[in-house]
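Take a look at the structure set out below.
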Amino acid sequence: MVDLSKLDKTKDLGVIKKAEDLIKNIGIPSQPKIVHEINKEVNKIKVDFKLLASLIEKDVALSAKVIKIANSPFFSTRKIETIEQALITLGVSNFKNIVVLTALKESVDKYSSNKDFNDKFFRHSSMVALCARTIAKKIKSPLYEMAYLLGLFHDCAVPLFMKKYKDYSDLVDLALYTVPLEALQGKYKSVIGLEDGRYYTNHCVAGYLVAKSWLLDENICNAICYHHFIDLSIHKNSMLEQLISILLVSEFIVERFDTSKDYTIKKDTKEVKQWAILHRQPISILSIDSEDLVDLQEDIFELLNQVSI
């Protein structure tokens with residue numbers, strides 16, 4: 001259960017009940033059996049590559065989807081034609097991430113017929129996941145795999161809201177990105193306030209419940225629940241603080257990449273430095289400063305340019 005006493009504006013337990021009803025109504029499946037089996041195998045001291053490959057190869061359709069994603073610029077520059085080749089080329093960790101990504105995409109596609117939105121959602125989620133893992137590695141954090149999964153799942157409830165509520169399309173862009181500077185300055189409500197006002201719940205709490213059903217690590221689930229709340233002092237958990245900090249920076253950089261003209265580096269760094277001032281906690285937690293953030297943006301823009309489709 002989410003500890004709502006920690007949330008500034010979401011103290012009513014009805015918020016969780018409403019999110020649970022939403023998920024039950026749409027029928028979101030729990031973690032697929034194949035993901036559970038893959039996780040079980042990769043967590044062994046000695047991983048059996050042939051067994052891993054055989055688990056996926058039992059499902060021809062899934063195998064084709066895994067290979068398709070493995071061949072995307074996000075993961076490989078070499079042609080991959082078989083599941084075993086994907087394992088050998090990409091390594092166990094990346095292979096597991098691809099299986100999870102494929103399963104999540106399959107899950108969303110089952111209840112969302114809006115292809116344009118689905119493509120936008122998975123492009124955004126994939127870029128944030130890649131960005132989060134890159135930032136974690138650059139700051140030498142051991143949480144890079146958790147950061148990747150957090151980036152992938154942080155907005156996992158947004159498609160639910162798109163399906164359930166006809167008027168959600170005018171909030172979806174706010175949901176997929178960081179809290180705007182104007183909302184941070186109190187000029188208008190953030191997306192959480194707007195969602196709570198309309199639906200008596202929000203995509204962060206619903207995302208927490210989806211992540212729990214996929215048996216993700218508790219810190220990832222909690223980070224999803226609180227990822228639009230920038231006061232990190234409420235957590236008293238250094239791992240959770242670091243994960244949310246990585247996600248906040250990742251979303252900020254990906255948002256600027258998505259809105260920058262022809263995906264070139266923005267020369268004006270004023271907005272970056274202003275964002276750093278208003279987000280002192282995550283900047284401090286990651287042991288970086290505004291100049292480091294500018295450098296991170298430049299590196300990640302170059303990376304995203306390489307994988308952009």
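By convention here, the chains of the structure tokens are called A, B, ... in the order presented, each chain's residues are numbered starting at 1, and ligands are numbered starting at 1 in the order presented.
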
Helix (DSSP H, G or I) residues, from DSSP on the backbone, in region 98-197 of chain A, as a PyMOL selection string: chain A and resi 98-111+115-138+144-153+158-164+166-170+172-176+181-184+191-197

Show me, as a short mmCIF file (atom, residue, chain, number, x, y, z; two decimals) with N, CA, C and O atoms, in the first residue's frame, the residues that have an atom within 6 Å of region 216-233 of chain A when counting only C-alpha atoms, minus same-chain residues fewer than 5 positions from it.
```
data_model
loop_
_atom_site.label_atom_id
_atom_site.label_comp_id
_atom_site.auth_asym_id
_atom_site.auth_seq_id
_atom_site.Cartn_x
_atom_site.Cartn_y
_atom_site.Cartn_z
N LEU A 150 13.05 1.94 -14.11
CA LEU A 150 12.25 3.07 -13.66
C LEU A 150 11.91 3.97 -14.84
O LEU A 150 10.76 4.41 -15.00
N HIS A 154 8.04 4.44 -15.58
CA HIS A 154 7.58 5.56 -14.74
C HIS A 154 6.22 6.12 -15.15
O HIS A 154 5.46 6.59 -14.31
N CYS A 204 0.58 8.64 -11.22
CA CYS A 204 1.71 8.19 -10.39
C CYS A 204 1.28 7.06 -9.46
O CYS A 204 1.96 6.04 -9.35
N VAL A 205 0.15 7.25 -8.79
CA VAL A 205 -0.36 6.22 -7.89
C VAL A 205 -0.79 4.98 -8.68
O VAL A 205 -0.49 3.84 -8.31
N TYR A 208 2.24 3.09 -9.74
CA TYR A 208 2.77 2.32 -8.61
C TYR A 208 2.10 0.94 -8.56
O TYR A 208 2.77 -0.09 -8.39
N ALA A 211 3.23 -1.28 -11.47
CA ALA A 211 4.59 -1.75 -11.23
C ALA A 211 4.61 -2.86 -10.18
O ALA A 211 5.37 -3.83 -10.29
N LEU A 240 16.04 5.44 -2.97
CA LEU A 240 14.86 6.02 -3.59
C LEU A 240 15.14 7.45 -4.04
O LEU A 240 14.76 7.86 -5.14
N ILE A 244 14.87 8.68 -8.02
CA ILE A 244 13.99 9.77 -8.45
C ILE A 244 14.80 10.92 -9.03
O ILE A 244 14.41 11.54 -10.02
#
```

Within 8 Å of Ile38 (chain A) using only C-alpha atoms, minus same-chain residues under 2 positions, as JSON, numbers by chain: {"A": [34, 35, 36, 40, 41, 42, 52, 55, 96]}

Same residues, N, CA, C and O atoms, saved as a tab-separated table (two decimals), in the first residue's frame:
```
chain	number	residue	atom	x	y	z
A	34	ILE	N	6.53	-15.21	-18.85
A	34	ILE	CA	7.83	-15.27	-19.51
A	34	ILE	C	8.83	-14.33	-18.83
A	34	ILE	O	10.01	-14.65	-18.69
A	35	VAL	N	8.36	-13.15	-18.39
A	35	VAL	CA	9.24	-12.20	-17.72
A	35	VAL	C	9.69	-12.77	-16.38
A	35	VAL	O	10.85	-12.66	-15.99
A	36	HIS	N	8.75	-13.43	-15.69
A	36	HIS	CA	9.09	-14.07	-14.41
A	36	HIS	C	10.14	-15.15	-14.62
A	36	HIS	O	11.12	-15.25	-13.85
A	40	LYS	N	13.99	-15.10	-13.20
A	40	LYS	CA	14.43	-16.20	-12.35
A	40	LYS	C	15.74	-16.79	-12.85
A	40	LYS	O	16.65	-17.10	-12.07
A	41	GLU	N	15.88	-16.91	-14.17
A	41	GLU	CA	17.09	-17.50	-14.75
A	41	GLU	C	18.28	-16.55	-14.68
A	41	GLU	O	19.39	-16.97	-14.34
A	42	VAL	N	18.07	-15.26	-14.99
A	42	VAL	CA	19.20	-14.33	-15.02
A	42	VAL	C	19.72	-14.02	-13.62
A	42	VAL	O	20.85	-13.54	-13.46
A	52	LEU	N	17.82	-19.76	-21.57
A	52	LEU	CA	17.20	-18.46	-21.75
A	52	LEU	C	16.63	-18.32	-23.16
A	52	LEU	O	15.51	-17.87	-23.35
A	55	LEU	N	13.49	-20.41	-23.72
A	55	LEU	CA	12.29	-19.86	-23.09
A	55	LEU	C	11.56	-18.91	-24.03
A	55	LEU	O	10.33	-18.93	-24.15
A	96	LYS	N	17.48	-9.05	-21.03
A	96	LYS	CA	16.36	-9.02	-20.09
A	96	LYS	C	15.54	-7.74	-20.26
A	96	LYS	O	14.30	-7.76	-20.27
```

Residues within 12 Å of Ser238 (chain A), only C-alpha atoms, excluding chain neighbours under 3 positions, as an NGL selection string: :A and (141 or 143 or 219 or 223 or 232-235 or 241-245 or 281-282 or 285-286)

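Each of A:Ala136, A:Leu304, A:Ala206, A:Leu194 was compared to Lys18 (chain A) using only C-alpha atoms, and A:Ala206 turns out to be the nearest.
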
Among the residues A:Val307, A:Val254, A:Val92, A:Ala64, the one that comes closest to His124 (chain A) [using only C-alpha atoms]: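 For His124 (chain A), the nearest of the given residues is A:Val254.
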
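For the pair CA of Ser125 (chain A) and CA of Ser54 (chain A), the separation is 28.0 Å.
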